[in-house]
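Below: one structure, written as structure tokens.
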Amino acid sequence: MINRCKVKNVKKISDIILFHEETRGEAFLRQLEGKNPLFVCTIGNTETAKIPGISAAGKYPELTDYTPPADVELLLLGKCKCIQGVPVTPDGIPTPAIITMSALKLANIPALVASGGLKVNPHVPFLDLGGKPGKDISTGKAVDNVKGVVQKAIIAGENLAKTADYLVIGESIPGGTTTALGILLAMGVDAEGKVSSSMPGNPHKLKIKTVEAGLKALGVKFGALASEPLKAISCVGDPMMPAFAGLVLGAADKIPVLMAGGTQMGAILAVVKALNTDVLDNVAIGTTRWILIDKTADLKGIITQIADVPILAADLDFSRSKFEGLRAYEAGVVKEGVGAGGAAIAAMAKSAGSITKDTLLREIEKNYEQLVGSK
């Protein structure tokens with residue numbers, strides 16, 4: 001059954017929802033109008049994604065190694081090279097990278113890829129930040145060389161800030177909401193039952209069981225690593241996180257940064273705050289309406305525990321799409337990923353509103369038909 005629920009009692013500017021910290025969100029959005037952004041997609045792999053039932057970012061758990069490289073190939077090439085077709089959920093619903101690609105294409109926004117640690121390299125140029133693929137967080141030993149990746153990412157962020165008016169940073173890492181839960185709990189944020197999922201049936205019990213196994217292996221209790229974000233990542237995080245956080249730390253000191261994603265942005269925000277609170281004045285979160293109406297998650301409940309940063313959302317609505325695979329987003333499948341919401345917001349802002357959710361949907365449908373077919 002399709003959920004056509006709207007977000008109630010919120011302010012909108014064009015097709016962008018001001019969901020949290022409205023005044024600051026509006027001021028942030030005004031800074032972006034007519035400006036030229038750079039979209040950066042941070043990617044990585046974690047063995048956590050291969051735990052059966054934990055991620056829908058791939059038809060089978062073992063295929064999740066190919067999802068991030070395939071996503072960024074789609075962004076830069078308009079097609080995937082490391083796999084046939086495009087990444088899909090076990091039910092055949094296509095990657096949100098189609099949304100991101102369509103938004104970037106419509107608004108002529110350049111894109112760059114940054115790797116925190118991959119099993120499979122994409123067939124496109126990318127920034128290698130010196131990381132390795134992540135291990136299963138239930139071991140309590142999840143990510144190597146966290147400090148080194150953060151340091152390199154900060155340098156990258158500082159330099160990328162000289163090339164654009166603002167950055168939109170997204171991510172692609174299967175299993176990422178589970179590792180986000182690990183970071184949030186280790187750093188003292190009450191996130192149990194609050195992180196989202198790419199599946200309609202959010203496997204909260206499996207996620208908390210996985211995180212608790214990792215924390216138990218370490219002998220670490222809730223909040224014990226609140227002032228040690230790098231240790232938290234190394235123990236129960238994933239390799240995308242130090243890359244993403246470092247880029248924010250390096251760039252937000254100089255230009256606005258739109259952190260594009262769902263509940264995973266809570267974990268990134270907690271890490272950034274612990275390393276440099278000052279940059280938070282130049283940061284906002286950009287997501288999709290589907291994250292806001294997700295009854296199995298609570299992005300606002302996570303963010304309000306960390307910092308007073310605005311939450312913006314692209315008011316995308318696929319309920320009237322002619323394609324079943326896109327209408328499925330209204331039923332709670334996928335919802336967000338690959339910076340889809342942030343890319344849509346950036347496209348709308350750059351065009352000063354001439355790109356709307358309707359023009360975006362037409363572009364998305366055109367690209368969907370070419371890449372996926374008529375279903």
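Within each chain, counting starts at residue 1; across the structure tokens, chains are named A, B, ... in the order shown, with ligands numbered 1 upward in that order.
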Taking only residues of region 243-334 of chain A that have an atom at most 6 Å from an atom of region 19-30 of chain A, what is each one's shortest atom pair and its distance in Å to one decimal, using only C-alpha atoms, in chain and number order, as a tab-separated table?
residue	atom	partner	partner_atom	distance
A:Pro310	CA	A:Gly25	CA	4.8
A:Ile311	CA	A:His20	CA	5.0
A:Leu312	CA	A:Phe19	CA	5.7
Exercise: region 206-210 of chain A partners within 12 Å, only C-alpha atoms, chain neighbours under 4 positions left out, as a VMD selection string: chain A and resid 47 to 55 136 to 140 175 to 186 190 to 197 201 to 202 214 to 217 236 to 237
Selection: 12 Å around Thr277 (chain A), only C-alpha atoms, excl. self and same-chain fewer than 6 positions, as a ChimeraX atom specification: /A:248-249,252-253,269-271,283,306-309
Computed interatomic separation between CA of Lys147 (chain A) and CA of Lys132 (chain A) (Å):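 Answer for the CA of Lys147 (chain A) to CA of Lys132 (chain A) separation: 12.5 Å.
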From A:Gly130, A:Gly332, A:Gly337, A:Gly116, residue lying nearest Ala245 (chain A) [only C-alpha atoms]: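 Selected residue with least distance to Ala245 (chain A): A:Gly116.
The shortest atom-to-atom distance to Arg327 (chain A), with only C-alpha atoms taken into account, belongs to A:Glu365 out of A:Pro87, A:Asn282, A:Thr304, A:Glu365.
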For CA of Pro133 (chain A) and CA of Asp238 (chain A), the interatomic separation in Å (one decimal): 8.0 Å
Selection: 7 Å around region 119-127 of chain A, only C-alpha atoms, excl. self and same-chain fewer than 2 positions, as a ChimeraX atom specification: /A:45,65-66,69-70,73,81-82,112-115,129,133
Write to file, as an mmCIF file, in the first residue's frame, the residues of the selection just made, with C-alpha atoms.
data_model
loop_
_atom_site.group_PDB
_atom_site.id
_atom_site.type_symbol
_atom_site.label_atom_id
_atom_site.label_comp_id
_atom_site.auth_asym_id
_atom_site.auth_seq_id
_atom_site.Cartn_x
_atom_site.Cartn_y
_atom_site.Cartn_z
ATOM 1 C CA ASN A 45 32.484 -0.909 2.173
ATOM 2 C CA ASP A 65 30.724 -4.708 -2.435
ATOM 3 C CA TYR A 66 29.689 -3.462 -5.885
ATOM 4 C CA PRO A 69 31.344 1.873 -7.136
ATOM 5 C CA ALA A 70 28.293 1.246 -9.317
ATOM 6 C CA GLU A 73 29.791 5.269 -12.018
ATOM 7 C CA LYS A 81 30.482 -0.461 -15.612
ATOM 8 C CA CYS A 82 31.375 -2.728 -12.674
ATOM 9 C CA LEU A 112 33.641 14.137 -7.432
ATOM 10 C CA VAL A 113 34.155 10.782 -5.708
ATOM 11 C CA ALA A 114 36.106 10.206 -2.480
ATOM 12 C CA SER A 115 36.943 6.726 -1.178
ATOM 13 C CA LEU A 129 42.016 8.973 1.136
ATOM 14 C CA PRO A 133 37.351 -1.632 3.668
#
